[in-house]
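Quick look at work.txt (compact mmCIF, C-alpha atoms):
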# COMPACT_ATOMS: atom_id res chain seq x y z
CA MET A 27 101.20 125.30 95.30
CA LEU A 28 102.93 123.52 98.17
CA ASN A 29 103.56 119.83 97.47
CA ALA A 30 104.23 117.21 100.14
CA LEU A 31 107.80 115.92 100.26
CA SER A 32 108.41 112.79 102.31
CA VAL A 33 111.03 110.19 103.14
CA ASP A 34 110.25 106.65 104.30
CA VAL A 35 113.10 106.03 106.74
CA GLU A 36 114.11 102.40 106.53
CA ASP A 37 117.35 100.58 105.78
CA TRP A 38 118.21 98.77 102.53
CA PHE A 39 117.35 95.34 103.96
CA GLN A 40 113.92 96.31 105.34
CA VAL A 41 112.10 96.77 102.06
CA GLY A 42 109.14 94.64 101.05
CA ALA A 43 111.04 93.28 98.05
CA PHE A 44 113.45 91.43 100.34
CA GLU A 45 111.06 90.32 103.08
CA ASN A 46 111.07 86.70 101.91
CA VAL A 47 114.87 86.40 101.59
CA ILE A 48 116.15 88.39 104.60
CA ALA A 49 114.83 87.29 108.00
CA ARG A 50 114.01 89.94 110.57
CA ASP A 51 116.21 88.26 113.16
CA ALA A 52 119.17 88.84 110.82
CA TRP A 53 118.70 92.61 110.62
CA ASP A 54 120.99 93.50 113.52
CA HIS A 55 123.81 91.47 111.96
CA LEU A 56 123.72 93.24 108.57
CA PRO A 57 125.58 96.44 107.62
CA HIS A 58 123.44 99.37 108.69
CA ARG A 59 123.48 102.34 106.32
CA VAL A 60 120.33 104.21 107.35
CA GLU A 61 122.12 106.81 109.49
CA ARG A 62 124.67 107.59 106.79
CA ASN A 63 121.94 107.78 104.14
CA GLY A 64 119.62 109.78 106.38
CA ASP A 65 122.33 112.38 106.85
CA ALA A 66 122.85 112.46 103.07
CA VAL A 67 119.14 113.19 102.62
CA LEU A 68 119.31 115.97 105.20
CA ASP A 69 122.24 117.48 103.30
CA LEU A 70 120.33 117.22 100.02
CA PHE A 71 117.30 119.00 101.49
CA ASP A 72 119.55 121.68 102.97
CA ARG A 73 121.10 122.31 99.54
CA ALA A 74 117.64 122.52 97.96
CA GLY A 75 116.27 124.70 100.78
CA VAL A 76 113.24 122.48 101.47
CA LYS A 77 111.56 120.93 104.48
CA ALA A 78 110.00 117.48 104.46
CA THR A 79 108.36 114.75 106.53
CA PHE A 80 110.37 111.70 107.61
CA PHE A 81 108.08 108.69 108.09
CA THR A 82 110.35 106.71 110.38
CA LEU A 83 110.35 103.08 111.48
CA GLY A 84 110.34 102.72 115.25
CA TRP A 85 113.06 100.10 114.75
CA VAL A 86 115.30 102.80 113.27
CA ALA A 87 114.39 105.45 115.85
CA HIS A 88 115.24 103.03 118.68
CA ARG A 89 118.72 102.30 117.26
CA TYR A 90 119.60 105.72 115.84
CA PRO A 91 118.02 108.38 118.08
CA ALA A 92 120.69 110.94 117.17
CA LEU A 93 119.56 110.80 113.54
CA ILE A 94 115.96 111.42 114.59
CA ARG A 95 117.04 114.40 116.67
CA ARG A 96 118.98 115.84 113.73
CA ILE A 97 115.88 115.52 111.55
CA VAL A 98 113.75 117.42 114.06
CA ASP A 99 116.44 120.01 114.81
CA ALA A 100 116.64 120.79 111.08
CA GLY A 101 112.95 121.74 111.07
CA HIS A 102 111.54 118.65 109.39
CA GLU A 103 108.45 116.76 110.55
CA ILE A 104 108.94 113.38 112.21
CA ALA A 105 106.13 110.89 111.59
CA SER A 106 105.54 107.16 112.05
CA HIS A 107 106.15 104.35 109.56
CA GLY A 108 105.22 101.64 112.06
CA TRP A 109 107.67 99.52 114.03
CA ASP A 110 109.45 97.19 111.59
CA HIS A 111 107.82 97.40 108.16
CA VAL A 112 105.13 94.75 108.55
CA ARG A 113 102.33 95.35 106.06
CA VAL A 114 99.09 96.43 107.73
CA PHE A 115 96.91 93.98 105.81
CA THR A 116 98.87 91.11 107.41
CA MET A 117 97.99 92.29 110.94
CA SER A 118 94.92 92.02 113.10
CA ALA A 119 93.42 95.21 114.48
CA ALA A 120 94.93 94.52 117.91
CA VAL A 121 98.39 93.85 116.49
CA PHE A 122 98.19 97.03 114.41
CA ARG A 123 97.35 99.09 117.49
CA ALA A 124 100.30 97.58 119.37
CA ASP A 125 102.61 98.24 116.42
CA LEU A 126 101.56 101.91 116.37
CA GLU A 127 102.22 102.26 120.09
CA ARG A 128 105.63 100.60 119.96
CA ALA A 129 106.75 102.86 117.11
CA ARG A 130 105.35 105.98 118.78
CA MET A 131 107.22 105.30 122.00
CA ALA A 132 110.51 104.77 120.14
CA ILE A 133 110.11 108.05 118.24
CA GLU A 134 109.15 109.96 121.39
CA ASP A 135 112.13 108.52 123.25
CA ALA A 136 114.44 109.53 120.41
CA CYS A 137 113.38 113.14 119.95
CA GLY A 138 110.73 114.11 122.48
CA ARG A 139 108.08 114.57 119.77
CA SER A 140 104.95 112.48 119.38
CA PRO A 141 104.15 111.76 115.72
CA THR A 142 100.80 112.96 114.41
CA GLY A 143 101.26 111.51 110.92
CA TYR A 144 101.48 107.88 109.81
CA ARG A 145 102.39 106.03 106.63
CA ALA A 146 101.75 102.30 106.37
CA PRO A 147 104.67 100.18 105.14
CA SER A 148 104.26 99.58 101.40
CA PHE A 149 101.04 101.66 101.38
CA SER A 150 99.29 98.66 102.92
CA ILE A 151 96.06 100.26 104.12
CA ASP A 152 93.42 99.14 101.64
CA GLN A 153 90.04 97.42 101.33
CA ARG A 154 91.33 94.56 103.50
CA THR A 155 91.84 96.84 106.52
CA PRO A 156 88.49 98.58 107.20
CA TRP A 157 89.55 99.08 110.85
CA ALA A 158 92.93 100.75 110.23
CA HIS A 159 91.86 104.36 109.81
CA ARG A 160 89.53 104.12 112.79
CA ILE A 161 92.39 102.92 114.99
CA LEU A 162 94.63 105.73 113.75
CA ALA A 163 91.93 108.23 114.68
CA GLU A 164 91.48 106.65 118.11
CA GLU A 165 95.24 106.76 118.70
CA GLY A 166 95.29 110.51 118.07
CA TYR A 167 96.81 110.71 114.59
CA ALA A 168 95.89 113.80 112.59
CA TYR A 169 96.58 112.27 109.22
CA SER A 170 97.64 109.18 107.32
CA SER A 171 99.41 108.97 103.97
CA SER A 172 99.00 105.23 103.55
CA VAL A 173 96.86 104.68 100.46
CA ALA A 174 98.05 104.13 96.90
CA PRO A 175 94.93 104.44 94.69
CA ILE A 176 96.30 102.18 91.95
CA ARG A 177 96.61 98.51 91.11
CA HIS A 178 100.07 97.09 91.80
CA ASP A 179 101.41 93.59 92.34
CA HIS A 180 102.48 94.44 95.90
CA TYR A 181 99.87 96.97 97.03
CA GLY A 182 97.13 99.30 95.90
CA TRP A 183 93.51 100.33 96.50
CA ARG A 184 92.27 101.35 93.06
CA GLU A 185 88.81 102.34 94.29
CA ALA A 186 90.11 104.86 96.86
CA PRO A 187 89.92 108.60 96.16
CA ARG A 188 92.99 110.09 94.47
CA PHE A 189 93.15 113.12 96.75
CA ALA A 190 92.69 113.95 100.42
CA PHE A 191 89.59 112.51 102.08
CA ARG A 192 88.13 111.79 105.50
CA PRO A 193 88.11 107.99 105.94
CA VAL A 194 86.32 107.90 109.32
CA GLU A 195 82.89 109.46 109.72
CA GLY A 196 82.83 111.98 112.55
CA SER A 197 86.64 112.11 112.79
CA GLU A 198 89.08 114.85 111.81
CA LEU A 199 91.55 112.26 110.47
CA ILE A 200 92.70 113.01 106.91
CA GLU A 201 93.99 110.40 104.47
CA LEU A 202 96.40 111.91 101.93
CA PRO A 203 97.02 109.34 99.17
CA VAL A 204 100.29 109.18 97.26
CA THR A 205 100.09 110.91 93.90
CA THR A 206 98.67 109.31 90.78
CA VAL A 207 97.94 110.78 87.38
CA GLU A 208 95.18 109.89 84.93
CA LEU A 209 95.73 109.82 81.18
CA ALA A 210 93.55 108.29 78.47
CA GLY A 211 91.50 106.39 81.03
CA ARG A 212 94.55 104.92 82.75
CA ARG A 213 95.72 105.72 86.28
CA MET A 214 99.47 105.68 86.82
CA ALA A 215 101.66 106.02 89.90
CA ALA A 216 103.51 109.34 89.91
CA GLY A 217 104.47 109.87 93.54
CA GLY A 218 108.12 108.87 93.62
CA GLY A 219 109.96 105.80 94.85
CA GLY A 220 110.88 103.21 92.25
CA PHE A 221 108.61 104.82 89.66
CA PHE A 222 110.67 108.01 89.87
CA ARG A 223 113.97 106.13 89.56
CA LEU A 224 112.89 103.85 86.72
CA LEU A 225 110.90 106.24 84.53
CA PRO A 226 112.29 109.27 82.67
CA TYR A 227 112.47 112.45 84.71
CA GLY A 228 110.17 114.17 82.23
CA PHE A 229 107.28 111.88 83.13
CA SER A 230 107.39 112.75 86.84
CA SER A 231 107.81 116.45 86.14
CA TRP A 232 104.85 116.40 83.73
CA ALA A 233 102.67 114.36 86.10
CA ILE A 234 103.25 116.63 89.09
CA ALA A 235 102.59 119.73 86.98
CA ARG A 236 99.38 118.13 85.68
CA VAL A 237 98.15 117.35 89.20
CA ASN A 238 98.94 120.89 90.34
CA ARG A 239 97.42 122.67 87.36
CA ARG A 240 94.67 120.47 85.94
CA ASP A 241 93.47 118.92 89.20
CA GLY A 242 94.39 121.93 91.34
CA ARG A 243 95.80 119.69 94.07
CA PRO A 244 99.16 119.16 95.72
CA ALA A 245 101.39 116.24 94.79
CA VAL A 246 102.48 113.74 97.45
CA PHE A 247 106.01 112.51 96.73
CA TYR A 248 108.19 110.00 98.60
CA PHE A 249 111.48 108.17 98.41
CA HIS A 250 113.78 106.16 100.70
CA PRO A 251 117.27 106.99 102.00
CA TRP A 252 118.69 103.82 100.43
CA GLU A 253 117.63 105.08 96.99
CA ILE A 254 120.56 107.54 96.94
CA ASP A 255 123.06 104.87 98.03
CA PRO A 256 124.50 102.99 95.01
CA ALA A 257 127.17 101.38 97.24
CA GLN A 258 124.67 99.40 99.34
CA PRO A 259 125.03 95.60 99.53
CA ARG A 260 123.45 93.42 96.86
CA VAL A 261 120.94 90.68 97.67
CA ASP A 262 121.60 88.07 95.00
CA GLU A 263 119.01 85.68 96.50
CA ALA A 264 116.13 88.04 95.71
CA PRO A 265 114.03 87.43 92.58
CA LEU A 266 115.28 89.16 89.44
CA LYS A 267 112.23 91.43 89.27
CA SER A 268 112.82 92.61 92.85
CA ARG A 269 116.51 93.24 92.18
CA LEU A 270 115.75 95.25 89.06
CA ARG A 271 113.25 97.39 90.93
CA HIS A 272 115.53 97.93 93.90
CA TYR A 273 118.90 98.59 92.28
CA SER A 274 118.12 100.30 88.98
CA ASN A 275 119.30 103.90 88.57
CA LEU A 276 120.49 104.36 92.17
CA SER A 277 123.47 106.39 91.01
CA ALA A 278 121.23 108.84 89.14
CA MET A 279 118.66 109.30 91.91
CA GLU A 280 120.27 112.13 93.85
CA GLY A 281 120.67 114.32 90.77
CA LYS A 282 117.10 113.66 89.66
CA LEU A 283 115.82 114.51 93.13
CA LEU A 284 117.71 117.77 93.30
CA LYS A 285 116.34 118.78 89.90
CA LEU A 286 112.78 118.00 91.01
CA LEU A 287 113.15 119.80 94.34
CA GLU A 288 114.35 122.94 92.59
CA SER A 289 111.51 122.87 90.05
CA ARG A 290 108.50 123.00 92.39
CA SER A 291 107.47 124.19 95.85
CA TRP A 292 107.91 121.42 98.46
CA GLY A 293 107.20 121.21 102.16
CA ARG A 294 106.20 119.10 105.13
CA THR A 295 103.25 116.77 104.84
CA ASP A 296 101.53 118.25 107.91
CA ASP A 297 101.50 121.68 106.22
CA VAL A 298 99.93 120.21 103.08
CA VAL A 299 97.39 118.34 105.22
CA ALA A 300 96.44 121.60 106.94
CA ALA A 301 95.65 123.17 103.56
CA GLU A 302 93.69 120.11 102.44
CA ARG A 303 91.79 120.04 105.74
CA ALA A 304 90.58 123.60 105.07
CA ARG A 305 89.50 122.49 101.59
CA LEU A 306 87.43 119.66 103.05
CA GLN A 307 85.57 121.84 105.57
Could you write out this structure as structure tokens?
Amino acid sequence: MLNALSVDVEDWFQVGAFENVIARDAWDHLPHRVERNGDAVLDLFDRAGVKATFFTLGWVAHRYPALIRRIVDAGHEIASHGWDHVRVFTMSAAVFRADLERARMAIEDACGRSPTGYRAPSFSIDQRTPWAHRILAEEGYAYSSSVAPIRHDHYGWREAPRFAFRPVEGSELIELPVTTVELAGRRMAAGGGGFFRLLPYGFSSWAIARVNRRDGRPAVFYFHPWEIDPAQPRVDEAPLKSRLRHYSNLSAMEGKLLKLLESRSWGRTDDVVAAERARLQ
């Protein structure tokens, strides 16, 4: 079974955990490591022989167009992660539409490709944004991978379906939620990111196998380029909980990723969406 492999392309200072301690107008004055880390991810995928989807901030595409071109030239899918990592549930519908357009134009300018996939920063499409999927459909997106069907202190839509669904009646738009696993009546995140870094490798391997075999569905896995960069700057002003989440096990992440990539079949999100679309017919 083909599982969806994805990268949320943002720099170390653009994460939600630091949004209250690093001002956006300071971003251009900080050390940028996203191009270096993006190239490291491309090298990792080349070694593993896999293709993936890069959900890219327009902010990054505007400043590092050569990186975006290298991603596309290597056969990976380029998709949108919005302009500058503002959570969707903090926007109005009009602001969200403008954010989509600004990011799309930056990505198109960088590589000549228009994104057909979208992932909300911090999986921030939920019950507070009943207009978001409709706007994505109106703007021509084929799919979104913006829902985390769990409860979390920063995000989550526990009532959402766990697997691919059509969120807009009469539209072809597909929502492909990030992977969760159910055990003993509990639903747990199992789709990558900090959960993959912080928990034992065996849990993620078991969870993905369970989703593939028991549920008969593909896994949706993600991580960030900064997660394979243990030399990144430290933000001592951030709360302890945020620092623990962000910096733990960075040095082990690349090895864990390579092991996971070699253990399952992985590919671009648009290819997985195509298979799920056929299932939903």
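Candidate residues A:His55, A:Lys282, A:His107, A:Arg62 were compared for distance to A:Val35, and the nearest is A:His107, using only C-alpha atoms.
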With all atoms listed in the file as the counted atoms, please give the residues lying no more than 9 Å from stretch 227-238 of chain A, apart from itself and same-chain residues fewer than 2 positions off, as an MDAnalysis selection string. chainID A and resid 27 29 205:208 216:218 221:225 240:246 282 286 289:290
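Atom CA of A:Asp135 lies 28.9 Å from atom CA of A:Arg73.
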Could you check the closest approach to A:Gln258 for each of A:Leu202, A:Ala74, A:Ile97, A:Leu276 and tell me which residue wins, using all atoms listed in the file? A:Leu276
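Interatomic distance, atom CA of A:Ala132 against atom CA of A:Leu199: 22.6 Å.
Each of A:Leu28, A:Ala190, A:Ile254, A:Val204 was checked against A:Leu68 using all atoms listed in the file; the smallest atom-to-atom distance is that of A:Ile254.
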Using all atoms listed in the file, which protein or nucleic acid residues come within 12 Å of A:His111? Drop anything in the same chain fewer than 3 positions from it, and give the result as a compact mmCIF listing (two decimals) with C-alpha atoms, in the frame of the given file.
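Now in selection26.txt:
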# COMPACT_ATOMS: atom_id res chain seq x y z
CA ASP A 34 110.25 106.65 104.30
CA VAL A 35 113.10 106.03 106.74
CA GLU A 36 114.11 102.40 106.53
CA ASP A 37 117.35 100.58 105.78
CA TRP A 38 118.21 98.77 102.53
CA PHE A 39 117.35 95.34 103.96
CA GLN A 40 113.92 96.31 105.34
CA VAL A 41 112.10 96.77 102.06
CA GLY A 42 109.14 94.64 101.05
CA ALA A 43 111.04 93.28 98.05
CA PHE A 44 113.45 91.43 100.34
CA GLU A 45 111.06 90.32 103.08
CA ARG A 50 114.01 89.94 110.57
CA PHE A 81 108.08 108.69 108.09
CA THR A 82 110.35 106.71 110.38
CA LEU A 83 110.35 103.08 111.48
CA GLY A 84 110.34 102.72 115.25
CA TRP A 85 113.06 100.10 114.75
CA VAL A 86 115.30 102.80 113.27
CA SER A 106 105.54 107.16 112.05
CA HIS A 107 106.15 104.35 109.56
CA GLY A 108 105.22 101.64 112.06
CA VAL A 114 99.09 96.43 107.73
CA PHE A 115 96.91 93.98 105.81
CA THR A 116 98.87 91.11 107.41
CA MET A 117 97.99 92.29 110.94
CA PHE A 122 98.19 97.03 114.41
CA ASP A 125 102.61 98.24 116.42
CA LEU A 126 101.56 101.91 116.37
CA ALA A 129 106.75 102.86 117.11
CA ARG A 145 102.39 106.03 106.63
CA ALA A 146 101.75 102.30 106.37
CA PRO A 147 104.67 100.18 105.14
CA SER A 148 104.26 99.58 101.40
CA PHE A 149 101.04 101.66 101.38
CA SER A 150 99.29 98.66 102.92
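The space between atom CA of A:Met279 and atom CA of A:Phe247 spans 13.9 Å.
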Across A:Ala210, A:Cys137, A:Ile151, A:Ala78, the smallest distance to A:Ser171, with only C-alpha atoms counted, is shown by A:Ile151
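Shortest atom-to-atom contact with A:Ser140 among A:Ala120, A:Ala264, A:Ala168, A:Ile176: A:Ala168, counting only C-alpha atoms.
Among the candidate residues A:Glu134, A:Glu164, A:Glu253, A:Glu185, the one lying nearest to A:Gly64 is A:Glu253, with distances computed using all atoms listed in the file.
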Which neighbours of A:Gly101 fall inside 12 Å, counting all atoms listed in the file, when residues of the same chain fewer than 4 positions from it are skipped, and could you give them as a ChimeraX atom specification? /A:68,71-72,75-80,94-97,293-294
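Neighbouring residues of A:Arg184 at 9 Å or closer, counting only C-alpha atoms and skipping chain neighbours under 5 positions away, are Asp152, Ala174, Pro175, Ile176, Arg177, His178 and Arg213 of chain A.
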